[in-house]
Amino acid sequence: MSLLRRLAGRLLPAAAHDAGRWVVLDVESSGLNPNSDRLLAIAAIAVRTEGRQPRIALGDSFEVVLRQDVSVADKHNILLHGIGVGAQRQGVAPAAALADFKRFIGHSPLLAFHAAFDAALILRACDAARMHRPRNPWLDIEPLAAAVYPTVKSRSLDQWMATLQISCAVRHQAAADTLATAELLLKLWPGAVREAGGELTFAAARRLAAQRKWLPQ
Amino acid sequence: MPAAPQASPSASSQPSPSLLGNLRAELMRHPPFAQMQPAHVDRFIAAAEQVYYAPGETVMTPADGPPTHLTYIRQGYITGRHGDDDKTPGFEHEAGALFPVGAVMGARPVTANYRAHEDAFCLVVPAADVRALAADSAPFADFLAHRALKYLELSRRAVQATFSSQTLAEQSLETPLGQLELKTPLAVPPQTPLAEALALMHDRRIGSVLVADEAGAPLGILTRYDILGRVTLAQVPLSTPIAQVMTTPIRSLTVRDTAQDAALLMSRHGIRHVPVTQDGRLVGLVSERDLFAMQRLSLKHVSTAIRAARDVEAMAAAARDIRHLVRHLLGQGVAARQLTQLISHLNDLLTERLVEMLAQDEGVDMARACWLAFGSEGRSEQTIATDQDNGLVFVSDDPERDRPQWLKFARRVNEALDYCGYPLCKGNVMASNPLCCLTADEWSRRFANWMERGEPEDLLNASIYFDLRPLAGAAALATPLTELVERTASALPRFIKQLAGNALRNRPPLSWLGGIETREVDGRAMVDLKFSGTAIFVDVARLYALAHGVTHTGTRERFEALGPLLRAQPQESQAWIAAFEYLQMLRLQVQMAHGDVAPANPNMVELDALNDIDRRMLKESFRVGRRLQQKMELDYQR
């Protein structure tokens with residue numbers, strides 16, 4: 001890698017990415033506070049964006065449960081995400097899990113519904129494991145959906161799924177939620193292409209989402 | 001409940017096992033995945049990419065060249081249409097379907113324009129992966145090779161799976177007790193005084209009382225036979241709790257045990273009642289009499305009962321047994337052809353016996369007459385809710401003089417049949433109608449008239465009377481009639497053409513997009529399985545049989561004989577038969593679902609009440625019917 005590229009990488013960490021492979025992900029956590037709760041599991045799935053239409057590559061998918069050393073479990077949340085204490089203890093050591101995750105995502109841009117939450121948990125987990133944070137660019141699907149359907153008042157993933165008639169095999173299972181989120185992206189795609197003026201690059205998608213954010217709600 | 005991801009302690013997983021698991025469960029609800037090994041289904045999923053088509057979006061066209069992918073529909077509809085105009089009929093693929101199988105396997109372009117009809121999520125699998133998987137998975141390969149016929153075949157295999165000639169010969173004692181209609185037993189708590197328990201037995205006229213604890217677990221039994229020895233002779237005061245005299249431990253069976261187990265237990269221990277439990281709780285009581293009643297419901301017993309019947313009352317009881325037997329056999333998955341044949345066979349027996357009995361009573365000589373069956377009975381394709389369609393041919397040098405006595409006799413037979421549960425024919429196609437009680441000459445003139453004139457009413461008559469079969473009396477008397485139909489019809493192209501035109505007025509209920517069209521009845525979307533289903537097959541089979549001088553009256557037998565004559569591929573004539581029999585079975589299921597009460601319209605089925613595979617087979621059957629009609633149109637309408 002040339003000095004210039006490395007320098008550019010420092011200055012513009014989100015610039016270099018795999019344009020044809022986007023990764024949609026979802027995390028399960030021990031609670032709803034991204035600054036204090038623990039990362040329990042990550043599921044991710046690749047969406048191929050080159051060619052006539054985006055395609056969810058089912059075989060190019062990933063899941064991992066992170067080993068938890070904390071013995072006290074939040075029972076209430078276990079009922080929601082379904083990862084029991086046993087499964088949490090049997091998970092993969094966080095450093096290995098996150099290394100696998102980074103290998104899986106490669107240089108792909110990362111997408112999630114309410115991405116800030118997923119990003120915060122993953123980046124915090126990297127810090128805790130004394131690992132480099134992944135520098136992949138992030139995109140929140142929620143404002144993108146709002147930009148494509150400006151009149152729809154949906155906020156949560158459940159509301160968007162209901163509005164766009166997407167079904168989920170097992171809600172609050174990271175893998176199933178990820179597929180539903182990827183399906184949401186596929187459904188938004190034609191409208192997003194129109195809004196972006198004919199071609200939806202990752203940068204264009206980010207512009208669309210950002211533009212929506214600044215509009216008065 | 002959310003399912004936990006399958007965590008593996010050493011490494012993360014790729015592809016995601018939870019994702020594969022969810023999709024595998026979804027795919028395995030449909031053929032061919034239901035028949036495949038889970039590992040092969042996983043391979044299909046891992047090779048797949050999921051795409052989205054917006055409503056109206058083009059999915060595939062002939063101009064695309066050979067398709068590179070096989071498509072599986074997870075959600076939504078894809079419709080196909082040949083050509084660009086809106087007039088040509090199309091077809092419809094729904095969730096669970098794989099397409100375009102022929103084009104992918106044959107590496108040729110598709111012949112239709114495919115379009116998403118609503119929001120559609122599809123899995124697309126590269127053709128190379130499809131072929132590689134087919135090389136390893138026999139059920140998958142088999143499905144790809146036979147697709148259309150496959151659905152029908154699967155259903156047939158499913159209904160025949162439990163069928164064996166043994167089932168027809170004798171009522172199966174292998175039936176689990178849970179499937180029998182068991183009596184709800186009288187159970188009392190253990191501390192109940194004898195006086196109270198005996199009073200209950202007396203009031204309800206029952207032979208035994210069960211003792212159960214609070215949770216419903218059976219503890220013991222006291223039967224009428226025990227009372228003499230243990231209560232009366234032992235002079236036990238009637239204030240004694242029943243627990244002190246009951247028989248324990250109790251011999252009980254579970255709902256999963258069979259009638260055979262119950263019979264063995266009874267004979268081994270000389271007991272007459274066996275309590276039946278489910279999860280340790282008492283749910284029923286099976287008695288020796290119940291098992292005896294089961295034995296009575298066998299083909300052999302029903303036919304013996306019919307032959308031995310001495311009066312109309314006994315015949316009516318036998319007719320009820322026929323219906324019970326059919327319901328039972330249908331429940332055991334016996335195929336439609338066997339069932340309709342069985343019903344017709346037993347109805348034949350019953351009619352024969354009635355004719356014989358009443359002829360003796362009326363003093364008429366059945367050596368000089370023949371009782372004829374028309375319509376569905378003539379074709380041996382009776383379902384449960386079938387009206388009478390019959391007639392009489394008699395020998396006479398002066399018909400006007402002899403007719404009244406035959407009419408009087410026929411009226412009694414018709415009324416007796418009605419009493420036995422075969423309703424009088426609304427169209428009056430019955431031997432007691434002077435127009436249906438004729439000499440062979442008179443019948444021949446009537447038949448010839450219809451063929452010459454070909455008015456709508458004549459064509460309707462032809463469709464009922466020409467499916468004719470001698471049933472009781474001198475069968476030879478019917479021969480001139482069958483021969484006339486056989487010889488004359490094929491020599492009258494005009495009549496055949498008129499018959500074809502008449503048959504084409506009734507079309508399978510498929511929309512131009514290929515979906516099933518329903519009729520709203522009481523706010524429910526219904527399909528008429530007879531009028532827009534079996535009748536189409538029956539009409540086409542009759543027309544070709546008449547045109548080609550085929551003498552069979554059964555629709556299946558007609559199709560079998562016609563296949564080679566019409567130069568149809570064996571696969572094609574098999575599809576005609578399979579589709580027809582599938583529709584017949586669905587009719588029987590609808591009729592049986594209503595129990596002993598005849599439903600208002602015994603041939604209507606609610607589309608939403610059908611499961612996925614039945615709905616798909618119904619559509620496929622209608623499609624076969626449409627192909628048959630198109631063939632008939634080509635042959636006789638140009």
# chains A, B, ... in the order shown; residues from 1 in each chain; ligands from 1
$ residues_around --residues "Ala19 of chain A" --least-positions-apart "6" --cutoff "10 Å" --atoms "only C-alpha atoms" --output "MDAnalysis selection string"
chainID A and resid 48:50 107:109 201:203
$ interface_residues --of "chain A" --to "chain B" --cutoff "8 Å" --atoms "only C-alpha atoms" --output "PyMOL selection string"
chain A and resi 43+53-65+79-84+87+90-92+96-97+100+169-173+175-176+179+183+186-187
$ atom_distance --atom1 "atom CA of Ala95 of chain B" --atom2 "atom CA of Gln574 of chain B"
26.4 Å
$ closest_residue --among "A:Ala196, A:Ala125, A:Ile141, A:Ala41" --to "Asp26 of chain A" --atoms "only C-alpha atoms"
A:Ala41
$ residues_around --residues "Ser344 of chain B" --least-positions-apart "5" --cutoff "7 Å" --atoms "only C-alpha atoms" --output "number ranges by chain"
B: 377, 380-382
$ select_by_dssp --residues "segment 15-204 of chain A" --states "strand (DSSP E)" --output "ChimeraX atom specification"
/A:21-29,39-48,55-65,110-112,138-140
$ closest_residue --among "B:Ala217, B:Pro480, B:Gln498, B:Leu546" --to "Arg281 of chain B" --atoms "only C-alpha atoms"
B:Ala217
$ closest_residue --among "A:Ala120, A:Glu142, A:Leu208, A:Glu195" --to "Asn35 of chain A" --atoms "only C-alpha atoms"
A:Ala120
